[in-house]
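Contents: one structure, followed by commentary.
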Amino acid sequence: MTPAISVSELTKKYGEIEAVRGIDFEVAAGETFGFLGPNGAGKSTTIKILCTLADPTSGTARVAGHDVVRERDTVRRNIGLVFQDTTLDSYLTGEQNLRFHADLYGVPKAAFAPRLRQVLEMVGLWDRRGSAVSTYSGGMQRRLEIARGLLHAPRVLFLDEPTVGLDPQTRVSIWEYINELKKREDITIFLTTHYMDEAENCDRIAIIDHGKIVARDTPEALKASIGKDRVQISTADDQAAIRALREVFGIEAGLHEGLVTFSVESGEHFVPQLFARMPVAIKSVSVSRPSLDDVFMSYTGKTIRDAEATIGDRNRMIATRFGRR
Amino acid sequence: MAVQDTAAQDALEAEERHLTEIIRVAVPERSIRADLRAVSIVWRRELIRFRTDRLRAVTSLVQPVLFLFVLGTGLSRLASRGLPVGVDFRTFIYPGVLAMSVLFTAIFSAASIVWDREFGFLREMLVAPVRRWAIVVGKCLGGATVATFQGLIFLALAGVAHVPYNPVLLLTLVGELILLSFTLTAFGVMMAARIKQIQAFMALTQLFILPLFFLSGALYPLNGLPVWLTVLTRIDPLTYAVYPMRHAVFEHLSISPLARQALSPSVTWFGWPVPVGLSLAIVAAMGLMMLAIAIAEFRKTE
């Protein structure tokens with residue numbers, strides 16, 4: 001069976017800036033594959049190349065068995081897209097937006113009506129199909145976009161940050177719809193996210209940082225590979241605490257999100273020792289099982305929020321130099 | 001009782017099937033028919049939007065109406081000294097203002113591309129498996145239709161400017177309006193292909209619109225002008241649209257040939273009068289050229 005997506009030595013340069021620096025991966029048909037990384041890591045650029053919106057500087061990418069540069073139109077017929085920013089016409093109704101899409105994608109006229117009903121019912125918008133999109137909430141708009149992306153029954157659905165800008169409750173409901181469509185449609189999903197908890201929904205994930213894939217496996221395997229618990233403490237003097245941890249316990253700790261952070265084999269057994277032997281006053285302590293955030297940290301040396309703080313400038317530079325198209 | 005239950009069960013299962021079975025949608029290979037379908041839907045979207053935006057239809061009428069009735073009436077007493085008896089100044093400027101009535105609408109319909117880009121909808125069109133020309137042509141036809149419609153409303157006011165409602169004249173003017181609307185929309189779309197911010201687009205079009213209008217001879221006859229102005233009027237593409245329209249109107253006025261010659265002179269190149277047909281061909285050629293540039297511009301990939 002041909003893989004839904006296969007990417008080999010892909011790079012993309014915008015002038016001097018290397019957004020994607022040689023990545024390889026494969027996504028099997030029917031899989032849900034997540035690209036996890038901070039903003040500006042190269043996720044959107046990769047999606048743009050896979051969706052034929054940008055040409056790679058070097059390397060190749062095949063989607064649904066077709067080359068994204070040489071067989072651009074065949075690729076386009078086989079993919080559905082939901083972008084980070086809304087791409088709906090807010091003056092038109094939900095149904096009109098989908099009809100527009102059906103005509104652009106050449107959906108056979110006889111198939112349109114039943115398919116319209118099916119995708120709109122799937123995202124719970126059938127009753128609102130006659131209302132102008134401008135009257136929809138943010139979550140409803142995102143659901144309509146998902147319905148539209150599915151309308152022409154694509155083989156691969158791309159979701160670029162499907163829940164960005166939505167409140168936590170709406171994010172959860174969007175994921176319910178995505179999981180529902182995984183059950184109902186025979187489809188491969190490729191998504192990008194910088195939310196750790198969302199990456200857990202994927203069959204496999206790739207962690208991308210500075211335009212390179214640093215890890216690639218199932219969320220469980222990645223977490224298991226870390227094997228250690230994460231301890232975060234809040235202290236009266238963080239620098240003194242880091243020094244003490246090194247001298248007393250031989251542990252290298254770092255300061256992340258304003259907390260002294262380190263990993264140990266067995267957190268719950270370590271904490272009593274910590275209190276007994278630590279010369280610096282401890283205000284609070286938290287122990288957590290390995291999460292994808294820890295995976296991210298172990299591969300990149302920083303938490304995803306740290307990464308976003310430093311990457312912000314580079315990202316803005318790309319944004320201003322290469323306006324959206 | 002049991003029979004009913006089974007029936008209900010069947011119905012439920014059928015409903016369940018309806019929900020779970022994927023309706024097979026085979027997106028066909030790309031063909032000219034698919035491209036034409038894309039042209040059609042892009043075109044229809046412009047019409048739907050125009051229909052829901054009645055305010056725009058009204059506001060775009062304000063400017064030409066002001067020109068014709070306020071400026072036209074105000075200047076007519078002054079201008080009447082230079083006009084033959086029986087010719088109203090408003091009749092004279094009517095064809096030019098008619099051209100103006102589509103000028104704004106056509107260029108601002110093209111601005112919707114910039115809006116579409118800003119609000120992301122352009123991307124929905126650009127990733128579709130259709131040729132880019134289909135989208136650009138659809139946009140141009142949509143903008144041209146909307147602008148022509150706007151021109152038709154203004155055309156209905158012809159009587160007020162003492163322009164006769166002669167069927168041949170009206171048909172000629174409608175045809176010329178369609179051509180002009182198309183060319184102007186193509187101009188706007190070409191600009192919209194390059195200019196990514198709506199503010200910049202508006203500022204630039206404002207910069208173009210008034211010079212285009214003032215240099216087109218919409219408000220004054222094109223003979224006996226100083227050399228520099230003569231040259232500028234001949235460069236202005238709008239000149240070649242206003243001239244055939246005025247020519248058509250004056251053909252249908254009952255005035256002396258001498259007066260006609262004075263008020264509706266031919267556009268001349270170094271003394272050679274440009275025929276009406278060539279004038280219209282220039283407008284069409286400009287439109288097609290700008291359309292081609294716009295298509296080439298939209299074909300580019302990052």
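Simple scheme: letters A, B, ... for chains in structure tokens order, numbers from 1 for residues in each chain, numbers from 1 for ligands in the order shown.
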Do you know which residues are at most 9 Å from Ile189 of chain A counting only C-alpha atoms, after dropping those on the same chain fewer than 3 positions away, and could you put them as a tab-separated table (two decimals) with N, CA and C atoms, in the first residue's frame?
chain	number	residue	atom	x	y	z
A	29	ALA	N	-1.41	5.15	5.15
A	29	ALA	CA	-2.81	5.43	4.87
A	29	ALA	C	-3.66	5.11	6.09
A	30	GLY	N	-4.58	5.99	6.40
A	30	GLY	CA	-5.47	5.77	7.53
A	30	GLY	C	-4.93	6.24	8.86
A	31	GLU	N	-3.70	6.69	8.86
A	31	GLU	CA	-3.06	7.11	10.11
A	31	GLU	C	-3.42	8.56	10.44
A	32	THR	N	-3.36	8.89	11.72
A	32	THR	CA	-3.44	10.29	12.13
A	32	THR	C	-2.05	10.68	12.61
A	33	PHE	N	-1.45	11.60	11.87
A	33	PHE	CA	-0.05	11.94	12.11
A	33	PHE	C	0.04	13.39	12.55
A	34	GLY	N	0.73	13.64	13.64
A	34	GLY	CA	0.80	15.00	14.15
A	34	GLY	C	2.21	15.57	14.06
A	155	ARG	N	-8.45	12.02	0.23
A	155	ARG	CA	-7.77	10.88	0.86
A	155	ARG	C	-6.94	11.34	2.04
A	156	VAL	N	-6.45	12.57	1.97
A	156	VAL	CA	-5.66	13.11	3.08
A	156	VAL	C	-6.27	14.44	3.51
A	157	LEU	N	-6.48	14.58	4.80
A	157	LEU	CA	-7.01	15.84	5.32
A	157	LEU	C	-5.90	16.53	6.11
A	158	PHE	N	-5.59	17.77	5.73
A	158	PHE	CA	-4.58	18.54	6.44
A	158	PHE	C	-5.27	19.50	7.40
A	159	LEU	N	-4.85	19.45	8.64
A	159	LEU	CA	-5.40	20.38	9.63
A	159	LEU	C	-4.23	21.16	10.19
A	182	LYS	N	-12.65	10.41	12.13
A	182	LYS	CA	-11.68	9.33	11.95
A	182	LYS	C	-12.39	7.99	11.89
A	202	CYS	N	-2.94	11.71	18.38
A	202	CYS	CA	-2.42	11.19	17.12
A	202	CYS	C	-1.90	9.77	17.29
Do a neighbour search on segment 123-140 of chain B at 8 Å with only C-alpha atoms, toss out local chain neighbours closer than 2 positions, and write the hits as a PDB file with N, CA and C atoms, in the first residue's frame.
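Heads up, here's the output in around22.pdb:
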ATOM      1  N   CYS A  51       0.675  20.810   0.543  1.00  0.00           N
ATOM      2  CA  CYS A  51      -0.588  21.225  -0.088  1.00  0.00           C
ATOM      3  C   CYS A  51      -0.360  21.917  -1.422  1.00  0.00           C
ATOM      4  N   THR A  52       0.863  21.913  -1.919  1.00  0.00           N
ATOM      5  CA  THR A  52       1.234  22.508  -3.207  1.00  0.00           C
ATOM      6  C   THR A  52       1.130  24.032  -3.223  1.00  0.00           C
ATOM      7  N   LEU A  53       1.089  24.641  -2.049  1.00  0.00           N
ATOM      8  CA  LEU A  53       1.027  26.112  -2.026  1.00  0.00           C
ATOM      9  C   LEU A  53       2.410  26.745  -2.073  1.00  0.00           C
ATOM     10  N   ASP A  73      -1.918  19.148  -9.566  1.00  0.00           N
ATOM     11  CA  ASP A  73      -3.381  19.101  -9.610  1.00  0.00           C
ATOM     12  C   ASP A  73      -3.937  17.793  -9.071  1.00  0.00           C
ATOM     13  N   THR A  74      -3.240  16.693  -9.357  1.00  0.00           N
ATOM     14  CA  THR A  74      -3.701  15.411  -8.829  1.00  0.00           C
ATOM     15  C   THR A  74      -3.627  15.436  -7.311  1.00  0.00           C
ATOM     16  N   ARG A  76      -3.876  18.057  -5.460  1.00  0.00           N
ATOM     17  CA  ARG A  76      -4.936  18.943  -4.962  1.00  0.00           C
ATOM     18  C   ARG A  76      -6.299  18.270  -4.929  1.00  0.00           C
ATOM     19  N   ARG A  77      -6.554  17.414  -5.912  1.00  0.00           N
ATOM     20  CA  ARG A  77      -7.854  16.739  -5.931  1.00  0.00           C
ATOM     21  C   ARG A  77      -7.998  15.781  -4.764  1.00  0.00           C
ATOM     22  N   THR A  87     -10.720  30.600   6.190  1.00  0.00           N
ATOM     23  CA  THR A  87     -10.743  30.889   4.762  1.00  0.00           C
ATOM     24  C   THR A  87     -12.169  30.770   4.247  1.00  0.00           C
ATOM     25  N   LEU A  88     -13.117  31.221   5.076  1.00  0.00           N
ATOM     26  CA  LEU A  88     -14.525  31.186   4.673  1.00  0.00           C
ATOM     27  C   LEU A  88     -14.925  32.561   4.169  1.00  0.00           C
ATOM     28  N   LEU A 104     -15.743  24.307  -7.264  1.00  0.00           N
ATOM     29  CA  LEU A 104     -14.308  24.446  -7.535  1.00  0.00           C
ATOM     30  C   LEU A 104     -13.634  23.084  -7.653  1.00  0.00           C
ATOM     31  N   TYR A 105     -14.103  22.121  -6.859  1.00  0.00           N
ATOM     32  CA  TYR A 105     -13.474  20.800  -6.850  1.00  0.00           C
ATOM     33  C   TYR A 105     -14.175  19.834  -7.782  1.00  0.00           C
ATOM     34  N   ARG A 325       0.021  34.908   1.095  1.00  0.00           N
ATOM     35  CA  ARG A 325      -0.493  34.851  -0.280  1.00  0.00           C
ATOM     36  C   ARG A 325      -1.858  34.266  -0.271  1.00  0.00           C
TER      37      ARG A 325
ATOM     38  N   ARG B  30      -9.027  16.853 -14.236  1.00  0.00           N
ATOM     39  CA  ARG B  30      -9.236  18.234 -14.624  1.00  0.00           C
ATOM     40  C   ARG B  30      -9.587  18.324 -16.113  1.00  0.00           C
ATOM     41  N   ALA B  34     -14.499  21.515 -16.076  1.00  0.00           N
ATOM     42  CA  ALA B  34     -14.294  21.803 -14.655  1.00  0.00           C
ATOM     43  C   ALA B  34     -13.840  23.251 -14.474  1.00  0.00           C
ATOM     44  N   ASP B  35     -12.968  23.704 -15.378  1.00  0.00           N
ATOM     45  CA  ASP B  35     -12.493  25.084 -15.292  1.00  0.00           C
ATOM     46  C   ASP B  35     -13.635  26.066 -15.527  1.00  0.00           C
ATOM     47  N   LEU B  36     -14.497  25.737 -16.484  1.00  0.00           N
ATOM     48  CA  LEU B  36     -15.622  26.635 -16.755  1.00  0.00           C
ATOM     49  C   LEU B  36     -16.588  26.670 -15.571  1.00  0.00           C
ATOM     50  N   ALA B  38     -15.673  26.393 -12.555  1.00  0.00           N
ATOM     51  CA  ALA B  38     -15.010  27.267 -11.584  1.00  0.00           C
ATOM     52  C   ALA B  38     -15.230  28.737 -11.950  1.00  0.00           C
ATOM     53  N   VAL B  39     -15.091  29.062 -13.247  1.00  0.00           N
ATOM     54  CA  VAL B  39     -15.334  30.440 -13.692  1.00  0.00           C
ATOM     55  C   VAL B  39     -16.740  30.847 -13.254  1.00  0.00           C
ATOM     56  N   SER B  40     -17.679  29.950 -13.505  1.00  0.00           N
ATOM     57  CA  SER B  40     -19.075  30.255 -13.222  1.00  0.00           C
ATOM     58  C   SER B  40     -19.330  30.497 -11.737  1.00  0.00           C
ATOM     59  N   ILE B  41     -18.737  29.680 -10.882  1.00  0.00           N
ATOM     60  CA  ILE B  41     -19.038  29.848  -9.445  1.00  0.00           C
ATOM     61  C   ILE B  41     -18.353  31.098  -8.886  1.00  0.00           C
ATOM     62  N   VAL B  42     -17.151  31.387  -9.386  1.00  0.00           N
ATOM     63  CA  VAL B  42     -16.471  32.605  -8.922  1.00  0.00           C
ATOM     64  C   VAL B  42     -17.279  33.826  -9.360  1.00  0.00           C
ATOM     65  N   TRP B  43     -17.792  33.763 -10.573  1.00  0.00           N
ATOM     66  CA  TRP B  43     -18.620  34.841 -11.123  1.00  0.00           C
ATOM     67  C   TRP B  43     -19.911  34.999 -10.306  1.00  0.00           C
ATOM     68  N   GLU B  46     -19.608  36.755  -6.944  1.00  0.00           N
ATOM     69  CA  GLU B  46     -19.592  38.220  -7.009  1.00  0.00           C
ATOM     70  C   GLU B  46     -21.022  38.763  -7.036  1.00  0.00           C
ATOM     71  N   ALA B 110     -12.756  44.731  -7.927  1.00  0.00           N
ATOM     72  CA  ALA B 110     -11.454  44.063  -7.949  1.00  0.00           C
ATOM     73  C   ALA B 110     -10.813  44.104  -6.568  1.00  0.00           C
ATOM     74  N   ARG B 117      -7.937  38.096   0.152  1.00  0.00           N
ATOM     75  CA  ARG B 117      -6.624  37.713   0.635  1.00  0.00           C
ATOM     76  C   ARG B 117      -6.529  37.981   2.130  1.00  0.00           C
ATOM     77  N   GLY B 120      -8.537  35.515   3.957  1.00  0.00           N
ATOM     78  CA  GLY B 120      -8.167  34.123   3.750  1.00  0.00           C
ATOM     79  C   GLY B 120      -8.898  33.395   2.641  1.00  0.00           C
ATOM     80  N   PHE B 121     -10.017  33.950   2.164  1.00  0.00           N
ATOM     81  CA  PHE B 121     -10.815  33.195   1.197  1.00  0.00           C
ATOM     82  C   PHE B 121     -10.060  32.959  -0.116  1.00  0.00           C
ATOM     83  N   GLY B 142     -17.236  38.671 -13.057  1.00  0.00           N
ATOM     84  CA  GLY B 142     -18.117  39.048 -11.948  1.00  0.00           C
ATOM     85  C   GLY B 142     -18.092  40.549 -11.726  1.00  0.00           C
ATOM     86  N   GLY B 143     -16.876  41.101 -11.636  1.00  0.00           N
ATOM     87  CA  GLY B 143     -16.740  42.543 -11.428  1.00  0.00           C
ATOM     88  C   GLY B 143     -17.342  43.312 -12.586  1.00  0.00           C
ATOM     89  N   ALA B 144     -17.141  42.812 -13.817  1.00  0.00           N
ATOM     90  CA  ALA B 144     -17.666  43.487 -14.995  1.00  0.00           C
ATOM     91  C   ALA B 144     -19.195  43.468 -14.979  1.00  0.00           C
ATOM     92  N   PHE B 182     -15.346  45.484 -18.157  1.00  0.00           N
ATOM     93  CA  PHE B 182     -14.417  44.359 -18.163  1.00  0.00           C
ATOM     94  C   PHE B 182     -12.972  44.846 -18.083  1.00  0.00           C
ATOM     95  N   THR B 185     -12.180  46.293 -14.643  1.00  0.00           N
ATOM     96  CA  THR B 185     -12.032  45.257 -13.625  1.00  0.00           C
ATOM     97  C   THR B 185     -10.700  44.545 -13.798  1.00  0.00           C
ATOM     98  N   ALA B 186     -10.345  44.263 -15.052  1.00  0.00           N
ATOM     99  CA  ALA B 186      -9.061  43.606 -15.307  1.00  0.00           C
ATOM    100  C   ALA B 186      -7.920  44.462 -14.770  1.00  0.00           C
ATOM    101  N   VAL B 189      -7.967  44.010 -11.038  1.00  0.00           N
ATOM    102  CA  VAL B 189      -7.500  42.679 -10.643  1.00  0.00           C
ATOM    103  C   VAL B 189      -5.985  42.585 -10.800  1.00  0.00           C
ATOM    104  N   LEU B 291      -5.591  41.395 -18.192  1.00  0.00           N
ATOM    105  CA  LEU B 291      -6.067  40.092 -17.730  1.00  0.00           C
ATOM    106  C   LEU B 291      -4.927  39.075 -17.775  1.00  0.00           C
ATOM    107  N   ALA B 294      -2.548  39.701 -15.005  1.00  0.00           N
ATOM    108  CA  ALA B 294      -3.123  39.257 -13.728  1.00  0.00           C
ATOM    109  C   ALA B 294      -3.016  37.744 -13.602  1.00  0.00           C
ATOM    110  N   ILE B 295      -3.319  37.017 -14.682  1.00  0.00           N
ATOM    111  CA  ILE B 295      -3.258  35.549 -14.629  1.00  0.00           C
ATOM    112  C   ILE B 295      -1.830  35.097 -14.355  1.00  0.00           C
ATOM    113  N   PHE B 298      -0.986  35.562 -10.753  1.00  0.00           N
ATOM    114  CA  PHE B 298      -1.606  34.617  -9.821  1.00  0.00           C
ATOM    115  C   PHE B 298      -1.077  33.199  -9.996  1.00  0.00           C
ATOM    116  N   ARG B 299      -0.373  32.948 -11.094  1.00  0.00           N
ATOM    117  CA  ARG B 299       0.170  31.610 -11.306  1.00  0.00           C
ATOM    118  C   ARG B 299       1.401  31.339 -10.462  1.00  0.00           C
TER     119      ARG B 299
END
Please list as an MDAnalysis selection string every residue within 8 Å of segment 151-160 of chain B, counting only C-alpha atoms and excluding residues in the same chain fewer than 4 positions away.
chainID B and resid 61 94 98:99 101:102 147 164:165 174 177
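With atom CA of Val283 of chain B on one side and atom CA of Ile178 of chain B on the other, the separation reads 11.1 Å.
You will find atom CA of Ser90 of chain A at 6.4 Å from atom CA of Ala132 of chain A.
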When you draw a straight line from atom CA of Thr145 of chain B to atom CA of Ser181 of chain B, how long is it in Å?
7.6 Å
Can you pull out the residues contacting Leu229 of chain B? Cut-off 12 Å, using only C-alpha atoms, and skip same-chain residues under 3 positions away; I want them as a list in words.
Pro211, Phe214, Leu215, Ser216, Gly217, Tyr220, Pro221, Leu222, Asn223, Gly224, Leu225, Pro226, Leu232, Thr233, Arg234, Ile235 and Asp236 of chain B
Write out as a VMD selection string which residues come within 8 Å of Ala54 of chain A when counting only C-alpha atoms, dropping same-chain ones fewer than 4 positions away.
(chain A and resid 45 48 to 49) or (chain B and resid 301 to 302)
